[in-house]
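The file protein11.cif comes next; it holds mmCIF, C-alpha atoms.
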data_my_file
loop_
_atom_site.label_atom_id
_atom_site.label_comp_id
_atom_site.auth_asym_id
_atom_site.auth_seq_id
_atom_site.Cartn_x
_atom_site.Cartn_y
_atom_site.Cartn_z
CA MET A 1 8.19 -12.50 19.43
CA ALA A 2 8.74 -11.18 15.88
CA GLN A 3 5.44 -12.68 14.72
CA GLU A 4 3.64 -10.94 17.59
CA ASN A 5 5.13 -7.60 16.50
CA VAL A 6 3.96 -8.20 12.92
CA HIS A 7 0.40 -8.78 14.16
CA ARG A 8 0.53 -5.71 16.41
CA LEU A 9 1.75 -3.58 13.51
CA ALA A 10 -0.97 -4.89 11.19
CA HIS A 11 -3.60 -4.16 13.87
CA ALA A 12 -2.23 -0.63 14.34
CA ARG A 13 -2.35 -0.03 10.57
CA ASP A 14 -5.97 -1.21 10.46
CA ILE A 15 -6.90 1.18 13.25
CA LEU A 16 -5.08 4.06 11.53
CA MET A 17 -6.75 3.34 8.18
CA GLY A 18 -10.14 3.22 9.91
CA ALA A 19 -9.48 6.60 11.50
CA HIS A 20 -8.35 8.05 8.17
CA ASN A 21 -11.44 6.73 6.43
CA ALA A 22 -13.71 8.09 9.16
CA MET A 23 -12.10 11.52 8.83
CA GLY A 24 -12.07 11.46 5.03
CA ILE A 25 -8.29 11.70 4.78
CA ALA A 26 -6.93 10.52 1.43
CA GLN A 27 -4.96 7.29 1.43
CA THR A 28 -2.24 6.21 -0.95
CA ARG A 29 -3.44 3.74 -3.54
CA PRO A 30 -2.00 0.25 -2.87
CA ASP A 31 -4.30 -1.12 -5.60
CA LEU A 32 -2.34 0.84 -8.21
CA GLN A 33 0.52 -1.64 -7.89
CA LEU A 34 -1.73 -4.52 -8.90
CA ALA A 35 -3.70 -2.70 -11.56
CA SER A 36 -1.43 -2.79 -14.61
CA LYS A 37 -3.39 -4.04 -17.61
CA SER A 38 -0.44 -6.14 -18.79
CA GLY A 39 -0.18 -7.88 -15.44
CA ARG A 40 3.02 -5.97 -14.65
CA LYS A 41 3.39 -4.90 -11.05
CA THR A 42 4.04 -1.18 -11.09
CA PRO A 43 5.22 -0.06 -7.66
CA PRO A 44 3.79 3.31 -6.62
CA GLY A 45 6.48 5.92 -6.23
CA THR A 46 8.51 4.66 -9.18
CA ILE A 47 9.75 7.12 -11.80
CA TYR A 48 9.86 5.76 -15.32
CA PHE A 49 11.46 7.45 -18.30
CA ILE A 50 9.67 6.68 -21.56
CA SER A 51 11.95 7.06 -24.56
CA GLY A 52 10.66 7.07 -28.08
CA ALA A 53 7.53 8.37 -29.74
CA GLN A 54 4.44 9.83 -28.11
CA LYS A 55 2.72 6.51 -28.83
CA ASP A 56 5.19 4.81 -26.46
CA PHE A 57 4.31 7.33 -23.75
CA ASN A 58 0.59 6.80 -24.33
CA ASP A 59 1.03 3.01 -24.23
CA ALA A 60 2.88 3.29 -20.91
CA LEU A 61 0.12 5.46 -19.47
CA LEU A 62 -2.57 3.06 -20.67
CA ASP A 63 -0.65 0.14 -19.21
CA CYS A 64 -0.38 1.74 -15.77
CA ALA A 65 -3.72 3.54 -15.39
CA THR A 66 -6.93 1.99 -14.13
CA PRO A 67 -10.45 3.41 -14.44
CA LEU A 68 -10.06 4.71 -10.86
CA SER A 69 -6.60 6.27 -11.30
CA TRP A 70 -6.25 10.02 -10.90
CA VAL A 71 -3.82 11.19 -13.58
CA ALA A 72 -2.09 14.55 -14.04
CA VAL A 73 -0.51 15.41 -17.38
CA ALA A 74 1.89 18.35 -17.29
CA ALA A 75 3.79 19.90 -20.21
CA LEU A 76 2.80 17.20 -22.71
CA PRO A 77 0.82 19.05 -25.40
CA GLU A 78 0.72 16.25 -28.00
CA ILE A 79 -0.70 13.48 -25.85
CA GLY A 80 -3.41 12.02 -28.14
CA TRP A 81 -6.50 12.29 -25.95
CA GLN A 82 -8.91 10.64 -28.37
CA ARG A 83 -6.84 7.46 -28.63
CA LEU A 84 -6.31 7.37 -24.86
CA SER A 85 -10.05 7.72 -24.29
CA GLU A 86 -10.86 5.05 -26.87
CA GLN A 87 -8.32 2.73 -25.21
CA GLY A 88 -9.99 3.12 -21.81
CA LEU A 89 -8.38 6.07 -19.99
CA ASN A 90 -11.04 7.73 -17.85
CA LEU A 91 -10.68 11.37 -18.92
CA ASP A 92 -13.00 12.46 -16.09
CA ARG A 93 -10.11 11.66 -13.73
CA VAL A 94 -7.39 13.51 -15.65
CA VAL A 95 -5.95 16.92 -14.75
CA ILE A 96 -4.25 18.66 -17.68
CA ILE A 97 -1.64 21.38 -17.29
CA PRO A 98 -0.42 22.18 -20.82
CA GLU A 99 2.48 24.42 -19.77
CA LEU A 100 4.48 24.98 -16.61
CA ASP A 101 6.18 28.27 -15.81
CA VAL A 102 8.70 29.18 -13.12
CA LEU A 103 6.41 27.62 -10.50
CA GLY A 104 6.48 24.27 -12.31
CA GLU A 105 8.53 22.60 -9.61
CA ARG A 106 6.01 23.56 -6.94
CA VAL A 107 3.08 22.47 -9.11
CA LEU A 108 4.62 19.05 -9.78
CA TYR A 109 5.34 18.61 -6.07
CA ILE A 110 1.68 19.25 -5.26
CA LEU A 111 0.49 16.96 -8.06
CA ALA A 112 2.80 14.16 -6.83
CA SER A 113 1.07 14.35 -3.47
CA ALA A 114 -2.44 14.27 -4.93
CA MET A 115 -2.37 12.00 -7.99
CA ASP A 116 -1.93 8.30 -8.64
CA ILE A 117 0.01 8.91 -11.87
CA LEU A 118 1.94 12.03 -12.84
CA CYS A 119 2.94 12.37 -16.51
CA VAL A 120 5.63 14.98 -17.05
CA GLY A 121 7.00 16.41 -20.28
CA ASP A 122 10.24 18.30 -20.79
CA VAL A 123 10.20 20.61 -17.78
CA PRO A 124 13.31 22.46 -16.58
CA LEU A 125 13.73 21.23 -13.01
CA SER A 126 16.70 21.48 -10.71
CA ALA A 127 18.26 18.25 -9.47
CA GLN A 128 17.14 19.18 -5.95
CA GLY A 129 13.60 19.86 -7.20
CA ARG A 130 13.43 16.47 -8.89
CA LYS A 131 14.59 14.81 -5.68
CA ARG A 132 11.88 16.61 -3.68
CA ILE A 133 9.20 15.62 -6.19
CA ALA A 134 10.48 12.02 -6.24
CA ALA A 135 10.45 11.85 -2.44
CA LYS A 136 6.87 13.14 -2.32
CA ALA A 137 5.84 10.65 -5.02
CA ARG A 138 7.36 7.78 -3.02
CA GLN A 139 5.70 8.99 0.18
CA LYS A 140 2.26 9.35 -1.40
CA GLY A 141 2.47 6.40 -3.81
CA CYS A 142 2.41 8.41 -7.02
CA LEU A 143 3.83 6.79 -10.16
CA ILE A 144 5.73 9.26 -12.37
CA LEU A 145 6.02 8.79 -16.12
CA SER A 146 8.52 11.24 -17.58
CA ALA A 147 9.35 12.12 -21.17
CA THR A 148 12.90 13.01 -20.07
CA PRO A 149 15.26 11.07 -17.79
CA TRP A 150 15.59 12.17 -14.18
CA GLN A 151 19.29 11.60 -13.52
CA GLY A 152 19.74 9.01 -10.78
CA LEU A 153 15.99 8.80 -10.09
CA SER A 154 14.25 7.37 -13.15
CA ARG A 155 14.55 4.05 -14.89
CA PRO A 156 13.52 3.10 -18.42
CA PHE A 157 9.94 1.95 -18.77
CA PRO A 158 9.97 -1.81 -19.38
CA GLN A 159 9.24 -2.82 -22.93
CA THR A 160 7.53 -6.03 -24.00
CA SER A 161 10.78 -7.96 -23.72
CA GLN A 162 11.26 -6.98 -20.07
CA ALA A 163 9.33 -7.47 -16.88
CA VAL A 164 9.27 -5.71 -13.52
CA ASP A 165 9.52 -7.74 -10.34
CA ALA A 166 7.65 -6.81 -7.15
CA ALA A 167 10.54 -4.56 -6.06
CA GLY A 168 10.34 -2.62 -9.33
CA HIS A 169 13.55 -3.99 -10.84
CA LEU A 170 13.72 -4.80 -14.51
CA SER A 171 14.46 -8.37 -15.45
CA SER A 172 14.91 -9.53 -19.04
CA ARG A 173 12.77 -12.34 -20.33
CA MET A 174 12.40 -13.92 -23.69
CA VAL A 175 9.43 -12.78 -25.72
CA GLY A 176 6.88 -15.54 -26.13
CA THR A 177 7.96 -17.56 -23.11
#

Do you think you could lay out the structure here as structure tokens?
Amino acid sequence: MAQENVHRLAHARDILMGAHNAMGIAQTRPDLQLASKSGRKTPPGTIYFISGAQKDFNDALLDCATPLSWVAVAALPEIGWQRLSEQGLNLDRVVIIPELDVLGERVLYILASAMDILCVGDVPLSAQGRKRIAAKARQKGCLILSATPWQGLSRPFPQTSQAVDAAGHLSSRMVGT
């Protein structure tokens, strides 16, 4: 009985995706999870906090982005575009918003619904606003990379001595093993 329901659900999803494709409705990007250059599975909808230098932020972006990823960069003026381009980031698929004003929360909410990866600098957001943006990112499959922690929502970006399992949880591993 349960197996029959699984097949029915898969068939219904196929029909829905076919209808979306026929109508030109955007889909979330399940391929983003498998696309990490390091082999790390990066679940869409995750919010990572990148501590450290701008180079660390750039490395995280390069690790998560694919040539087909749509990326928005908001309130990160010192991003290092030349290096990112040389390392393979497709700048034709990047939206840049150098500064956010009082409508920043609304702008980030819209970007989370439209982009594969949203890079956010130090933006003053309310806790409720961050929760709304996070919920939209989860719903649409947008990965958020933030230069500041989002209390209760973000997790540290895994370094070389850590790995992320399929559920997005960090697990320590020994380097070189």

Pairwise distance for atom CA of Gly52 of chain A and atom CA of Pro98 of chain A, rounded to one decimal in Å =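 Interatomic distance, atom CA of Gly52 of chain A to atom CA of Pro98 of chain A: 20.1 Å.
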
query = Leaving out segment 128-130 of chain A and any residue of its chain fewer than 4 positions from it, which residues lie within 12 Å of it when counting only C-alpha atoms, given as a ChimeraX atom specification?
reply = /A:47,103-109,112,120,123-124,134-137,144,146,148-154

ask   = What gap, in Å, lies between atom CA of Leu62 of chain A and atom CA of Ala75 of chain A?
value =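 Here the two named atoms are 18.0 Å from each other.
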
Given the file shown, enumerate the residues that the PyMOL selection byres ((chain A and resi 77) around 10) captures and present them as a compact mmCIF listing (two decimals) with C-alpha atoms, in the frame of the given file.
# COMPACT_ATOMS: atom_id res chain seq x y z
CA VAL A 73 -0.51 15.41 -17.38
CA ALA A 74 1.89 18.35 -17.29
CA ALA A 75 3.79 19.90 -20.21
CA LEU A 76 2.80 17.20 -22.71
CA GLU A 78 0.72 16.25 -28.00
CA ILE A 79 -0.70 13.48 -25.85
CA GLY A 80 -3.41 12.02 -28.14
CA TRP A 81 -6.50 12.29 -25.95
CA ILE A 96 -4.25 18.66 -17.68
CA ILE A 97 -1.64 21.38 -17.29
CA PRO A 98 -0.42 22.18 -20.82
CA GLU A 99 2.48 24.42 -19.77
CA GLY A 121 7.00 16.41 -20.28

task = Tell me, in Å to one decimal, how far atom CA of Gln139 of chain A is from atom CA of Phe49 of chain A.
result =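 These two atoms are separated by 19.4 Å.
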
query = Taking into account all atoms listed in the file, which residue in the set A:Ile117, A:Leu89, A:Ala147, A:Ile110 is nearest to Gln54 of chain A?
reply =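 Distance minimum relative to Gln54 of chain A lands on A:Ala147.
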